[in-house]
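Asker: Here it is: the structure, laid out below.
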Amino acid sequence: MAELTVGRLLTSWQLDVPALLLVVALGGLYGWGVRLVRAGGGSWSPARSAAFAVLGLGALVVATMSGLAVYDHVLFWPAAVQNILLDLLAPLGLALGDPLRLAVEALPQGAAARVRRAMTGRVVRLLTFPLVSTALVLATELTVYFTPYFATALRVGWLHELMYLHLLVAGCLFVVPVLTREETLPAWCTHPVRAALVFLDGVIDAVPGVVVMTHGTLIAGAWYLHHHPSWAPDVRHDQQIGGGAMLSIAELVALPFLLALLFQWARAERVQTAALDRHLDEQLAAVPAASPAATAATVAGPAAPAADRVRPWWETEENEVASRIRRQHGEK
């Protein structure tokens, strides 16, 4: 093969039919869902669509059909970058597109209910349980590199395609529920807990890169020694480059993952605050219709001082919600 340069890495492409069919299927279903939602009078964020198409499907295309795929059988580091893109970056892009919520909103009521039931079934809950899915991601990476899996996949085409799918699914099992489907997560897995899990996952995702970079035995050494081109770096140095690339990409992906979760957390807090404000406004609107005695009994309780029993609670309590209501009414 011709010597790998930056130009050849960017311009060399090859067709991967199974990967192309998967990209077309996912993109077609997503586009169809967006069309159905908009046809029904709803709206769908263009940013979500862009994340799904560019970051999710784009990473899948780059990993399986770009110069990385052209050179992955003669150099280890392109294969390592491929795998980390499929395991981390592509799942992040797909999750940011929120395809499961799109399916629920686009499908008829009966089909949407079946999707919800499938997503909250026992098997899905087990596989997407945060500690289980994190362990699956780590186990997948270690299995690929430290068993005959990877070396065999280099020789057997269908197993190579299966390895691509394996990496993609393992990554999605952790990323998609954390960013999109709260129903599949335990009740204790609140946004702060998820943020901590994402941070922990970022640390764990660095482990395969470190192990590959420092491992004393060559990974798929017989294959790469036999196919080693004269212009390429030493096979051991090639493996060290691959491990370093895995480590770097894992840490780079962890940052936008965490930022996306923090953004969702802030948005959820805004929605909750708005709902609380509406509820309080409804209560305020109902106060004049109640008798003074009933209002005093409900708000202050029988043990409250006589002077406080005739005053609304937001005038007597000192907290953020009460202060907000007093400001709305022009009180000090």
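Chain labels A, B, ... are given in the sequence in which chains occur in the structure tokens; within each chain residues are numbered consecutively from 1, and ligands are likewise numbered from 1 in the order shown.
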Which residues, written as a VMD selection string, have at least one atom at most 6 Å from Ser49 (chain A), with only C-alpha atoms counted and residues fewer than 3 positions away on the same chain left out?

Answerer: chain A and resid 46 52 97

Asker: Mind checking which residues fall within 10 Å of Val124 (chain A), counting only C-alpha atoms, ignoring those fewer than 4 positions away in the same chain, and posting them as a CSV table (one decimal) with N, CA and C atoms, in the first residue's frame?

Answerer:
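Written file, out_27.csv:
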chain,number,residue,atom,x,y,z
A,117,ARG,N,-42.9,0.0,26.4
A,117,ARG,CA,-42.8,-1.2,27.1
A,117,ARG,C,-41.5,-1.9,26.8
A,118,ALA,N,-41.0,-1.9,25.6
A,118,ALA,CA,-39.8,-2.6,25.2
A,118,ALA,C,-38.6,-1.9,25.9
A,119,MET,N,-38.7,-0.6,26.0
A,119,MET,CA,-37.6,0.2,26.6
A,119,MET,C,-37.5,0.1,28.1
A,120,THR,N,-38.6,-0.3,28.7
A,120,THR,CA,-38.7,-0.5,30.2
A,120,THR,C,-38.8,-2.0,30.6
A,128,THR,N,-29.0,-1.7,30.6
A,128,THR,CA,-28.8,-0.3,30.7
A,128,THR,C,-28.6,0.2,32.1
A,129,PHE,N,-28.6,-0.7,33.1
A,129,PHE,CA,-28.3,-0.3,34.4
A,129,PHE,C,-26.9,0.3,34.4
A,173,LEU,N,-25.6,1.3,24.8
A,173,LEU,CA,-26.2,0.8,26.0
A,173,LEU,C,-26.0,1.7,27.2
A,177,PRO,N,-29.4,5.7,27.3
A,177,PRO,CA,-30.2,5.9,28.5
A,177,PRO,C,-29.9,7.1,29.3
A,184,THR,N,-35.7,4.0,31.8
A,184,THR,CA,-35.0,2.8,31.9
A,184,THR,C,-34.0,2.8,33.0
A,185,LEU,N,-33.8,4.0,33.7
A,185,LEU,CA,-32.8,4.1,34.8
A,185,LEU,C,-33.5,4.0,36.1

Asker: Please list as a list in words every residue within 12 Å of Arg155 (chain A), counting only C-alpha atoms and excluding residues in the same chain fewer than 6 positions away.

Answerer: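 Using only C-alpha atoms, the neighbours found are Asp72, His73, Val74, Pro148, Tyr149, Glu161, Ala220, Ala222, Trp223, Tyr224 and His227 of chain A.
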
Asker: Between A:Leu218, A:Thr180, A:Ala2, A:Val156, single out the one closest to Val70 (chain A), counting only C-alpha atoms.

Answerer: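 Of A:Leu218, A:Thr180, A:Ala2, A:Val156, the one nearest Val70 (chain A), counting only C-alpha atoms, is A:Ala2.
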
Asker: Write out as a PDB file with N, CA, C and O atoms, in the first residue's frame which residues come within 10 Å of Leu200 (chain A) when counting only C-alpha atoms, dropping same-chain ones fewer than 6 positions away.

Answerer:
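Once everything was written out, this is selection33.pdb:
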ATOM      1  N   THR A 134     -21.605   0.267  31.984  1.00  0.00           N
ATOM      2  CA  THR A 134     -20.213   0.720  32.059  1.00  0.00           C
ATOM      3  C   THR A 134     -19.256  -0.466  32.024  1.00  0.00           C
ATOM      4  O   THR A 134     -18.238  -0.451  31.319  1.00  0.00           O
ATOM      5  N   ARG A 194     -26.093  10.921  37.574  1.00  0.00           N
ATOM      6  CA  ARG A 194     -25.673  10.638  36.199  1.00  0.00           C
ATOM      7  C   ARG A 194     -24.408  11.408  35.831  1.00  0.00           C
ATOM      8  O   ARG A 194     -23.548  10.908  35.118  1.00  0.00           O
ATOM      9  N   ALA A 254     -15.373  12.544  26.545  1.00  0.00           N
ATOM     10  CA  ALA A 254     -15.986  12.641  27.874  1.00  0.00           C
ATOM     11  C   ALA A 254     -16.442  14.064  28.178  1.00  0.00           C
ATOM     12  O   ALA A 254     -17.461  14.258  28.850  1.00  0.00           O
TER      13      ALA A 254
END

Asker: Check the smallest atom-to-atom distance from each of A:Val169, A:Arg116, A:Thr140, A:Gly202 to Leu60 (chain A) using only C-alpha atoms, then report the winner.

Answerer: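 The answer is A:Val169, which sits nearest to Leu60 (chain A).
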
Asker: Find the residues around Ser43 (chain A) up to 12 Å (only C-alpha atoms counted), leave out those fewer than 3 positions away in its own chain, and share them as a PDB file with N, CA and C atoms, in the first residue's frame.

Answerer:
ATOM      1  N   GLY A  33     -39.190   9.761  10.891  1.00  0.00           N
ATOM      2  CA  GLY A  33     -39.778  10.140  12.168  1.00  0.00           C
ATOM      3  C   GLY A  33     -39.932  11.644  12.302  1.00  0.00           C
ATOM      4  N   VAL A  34     -38.917  12.389  11.910  1.00  0.00           N
ATOM      5  CA  VAL A  34     -38.995  13.854  11.971  1.00  0.00           C
ATOM      6  C   VAL A  34     -40.130  14.357  11.072  1.00  0.00           C
ATOM      7  N   ARG A  35     -40.260  13.766   9.908  1.00  0.00           N
ATOM      8  CA  ARG A  35     -41.321  14.174   8.972  1.00  0.00           C
ATOM      9  C   ARG A  35     -42.701  13.922   9.575  1.00  0.00           C
ATOM     10  N   LEU A  36     -42.881  12.761  10.229  1.00  0.00           N
ATOM     11  CA  LEU A  36     -44.171  12.443  10.837  1.00  0.00           C
ATOM     12  C   LEU A  36     -44.498  13.409  11.979  1.00  0.00           C
ATOM     13  N   VAL A  37     -43.498  13.729  12.796  1.00  0.00           N
ATOM     14  CA  VAL A  37     -43.730  14.651  13.906  1.00  0.00           C
ATOM     15  C   VAL A  37     -44.163  16.015  13.389  1.00  0.00           C
ATOM     16  N   ARG A  38     -43.481  16.515  12.384  1.00  0.00           N
ATOM     17  CA  ARG A  38     -43.819  17.830  11.845  1.00  0.00           C
ATOM     18  C   ARG A  38     -45.147  17.808  11.100  1.00  0.00           C
ATOM     19  N   ALA A  39     -45.449  16.698  10.426  1.00  0.00           N
ATOM     20  CA  ALA A  39     -46.735  16.588   9.738  1.00  0.00           C
ATOM     21  C   ALA A  39     -47.891  16.583  10.728  1.00  0.00           C
ATOM     22  N   GLY A  40     -47.644  16.085  11.950  1.00  0.00           N
ATOM     23  CA  GLY A  40     -48.666  16.070  12.982  1.00  0.00           C
ATOM     24  C   GLY A  40     -48.785  17.369  13.743  1.00  0.00           C
ATOM     25  N   PRO A  46     -33.729  21.105  15.051  1.00  0.00           N
ATOM     26  CA  PRO A  46     -32.715  20.851  14.012  1.00  0.00           C
ATOM     27  C   PRO A  46     -31.362  20.478  14.608  1.00  0.00           C
ATOM     28  N   ALA A  47     -31.078  20.980  15.805  1.00  0.00           N
ATOM     29  CA  ALA A  47     -29.800  20.646  16.446  1.00  0.00           C
ATOM     30  C   ALA A  47     -29.734  19.159  16.761  1.00  0.00           C
ATOM     31  N   ARG A  48     -30.843  18.571  17.181  1.00  0.00           N
ATOM     32  CA  ARG A  48     -30.861  17.132  17.452  1.00  0.00           C
ATOM     33  C   ARG A  48     -30.642  16.347  16.164  1.00  0.00           C
ATOM     34  N   SER A  49     -31.319  16.770  15.108  1.00  0.00           N
ATOM     35  CA  SER A  49     -31.150  16.095  13.821  1.00  0.00           C
ATOM     36  C   SER A  49     -29.706  16.185  13.339  1.00  0.00           C
ATOM     37  N   LEU A 102     -38.085  10.462  19.655  1.00  0.00           N
ATOM     38  CA  LEU A 102     -38.622  10.722  18.326  1.00  0.00           C
ATOM     39  C   LEU A 102     -39.563   9.596  17.905  1.00  0.00           C
ATOM     40  N   GLU A 105     -42.896   9.949  19.747  1.00  0.00           N
ATOM     41  CA  GLU A 105     -43.712  11.054  19.272  1.00  0.00           C
ATOM     42  C   GLU A 105     -44.222  10.836  17.847  1.00  0.00           C
ATOM     43  N   ALA A 106     -43.469  10.091  17.033  1.00  0.00           N
ATOM     44  CA  ALA A 106     -43.843   9.927  15.629  1.00  0.00           C
ATOM     45  C   ALA A 106     -44.830   8.789  15.413  1.00  0.00           C
TER      46      ALA A 106
END

Asker: As a count of residues only, please: every residue in region 216-284 of chain A that a backbone DSSP assignment puts in alpha helix (DSSP H).

Answerer: 56

Asker: Identify, on the basis of only C-alpha atoms, every residue whose closest approach to region 250-252 of chain A does not exceed 8 Å; exclude the query and any residue fewer than 5 positions from it along the same chain; express the result as number ranges by chain.

Answerer: A: 84, 88, 202-203, 205-206

Asker: Restrict the selected residues to N, CA, C and O atoms and save them as a compact mmCIF listing (two decimals), in the first residue's frame.

Answerer:
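Now in again_5.txt:
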# COMPACT_ATOMS: atom_id res chain seq x y z
N ILE A 84 -12.57 3.13 18.87
CA ILE A 84 -12.96 4.11 19.89
C ILE A 84 -14.03 5.05 19.34
O ILE A 84 -14.90 5.53 20.07
N LEU A 88 -17.49 5.16 21.40
CA LEU A 88 -17.75 6.36 22.21
C LEU A 88 -18.39 7.50 21.42
O LEU A 88 -19.44 8.02 21.81
N GLY A 202 -15.75 8.36 32.09
CA GLY A 202 -14.61 8.96 31.41
C GLY A 202 -13.29 8.42 31.93
O GLY A 202 -12.34 8.21 31.16
N VAL A 203 -13.23 8.18 33.25
CA VAL A 203 -12.02 7.60 33.83
C VAL A 203 -11.83 6.16 33.37
O VAL A 203 -10.73 5.73 32.98
N ASP A 205 -13.06 4.72 30.68
CA ASP A 205 -12.79 4.64 29.24
C ASP A 205 -11.32 4.86 28.92
O ASP A 205 -10.85 4.49 27.83
N ALA A 206 -10.58 5.48 29.84
CA ALA A 206 -9.15 5.70 29.61
C ALA A 206 -8.34 4.43 29.85
O ALA A 206 -7.21 4.32 29.37

Asker: So, with only C-alpha atoms as the atoms that count, which of A:Leu29, A:Leu165, A:Leu154, A:Ile249 lies closest to Ala69 (chain A)?

Answerer: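 Closest to Ala69 (chain A) of all the choices is A:Leu154.
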
Asker: Using Å and a single decimal, report how far CA of Pro208 (chain A) sits from CA of Gly244 (chain A).

Answerer: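 For CA of Gly244 (chain A) relative to CA of Pro208 (chain A), the distance reads 9.9 Å.
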
Asker: Name the residues in contact with Ala103 (chain A) at a cut-off of 8 Å, using only C-alpha atoms, excluding same-chain residues fewer than 3 positions from it; report them as a list in words.

Answerer: Gly33, Pro99, Leu100, Ala106, Leu107, Ala112 and Val115 of chain A

Asker: Take the residues just selected and output them with N, CA and C atoms as a PDB file, in the first residue's frame.

Answerer:
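Written out: selection02.pdb:
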ATOM      1  N   GLY A  33     -39.190   9.761  10.891  1.00  0.00           N
ATOM      2  CA  GLY A  33     -39.778  10.140  12.168  1.00  0.00           C
ATOM      3  C   GLY A  33     -39.932  11.644  12.302  1.00  0.00           C
ATOM      4  N   PRO A  99     -33.290   9.517  19.450  1.00  0.00           N
ATOM      5  CA  PRO A  99     -34.135   8.763  18.521  1.00  0.00           C
ATOM      6  C   PRO A  99     -35.296   8.040  19.192  1.00  0.00           C
ATOM      7  N   LEU A 100     -35.139   7.651  20.457  1.00  0.00           N
ATOM      8  CA  LEU A 100     -36.216   6.927  21.126  1.00  0.00           C
ATOM      9  C   LEU A 100     -37.416   7.844  21.397  1.00  0.00           C
ATOM     10  N   ALA A 106     -43.469  10.091  17.033  1.00  0.00           N
ATOM     11  CA  ALA A 106     -43.843   9.927  15.629  1.00  0.00           C
ATOM     12  C   ALA A 106     -44.830   8.789  15.413  1.00  0.00           C
ATOM     13  N   LEU A 107     -44.714   7.726  16.202  1.00  0.00           N
ATOM     14  CA  LEU A 107     -45.533   6.541  15.976  1.00  0.00           C
ATOM     15  C   LEU A 107     -46.951   6.724  16.505  1.00  0.00           C
ATOM     16  N   ALA A 112     -46.346   3.403  19.870  1.00  0.00           N
ATOM     17  CA  ALA A 112     -45.520   4.142  20.836  1.00  0.00           C
ATOM     18  C   ALA A 112     -45.547   3.456  22.199  1.00  0.00           C
ATOM     19  N   VAL A 115     -43.207   0.572  22.114  1.00  0.00           N
ATOM     20  CA  VAL A 115     -41.819   1.020  22.233  1.00  0.00           C
ATOM     21  C   VAL A 115     -41.479   1.305  23.684  1.00  0.00           C
TER      22      VAL A 115
END

Asker: Restricting the calculation to only C-alpha atoms, which member of A:Gly171, A:Gly67, A:Gly41, A:Gly216 is positioned closest to Leu127 (chain A)?

Answerer: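 Closest to Leu127 (chain A) of all the choices is A:Gly171.
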
Asker: Between CA of Pro108 (chain A) and CA of Gly42 (chain A), what is the distance in Å, rounded to a tenth?

Answerer: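 Between these atoms lies a distance of 13.7 Å.
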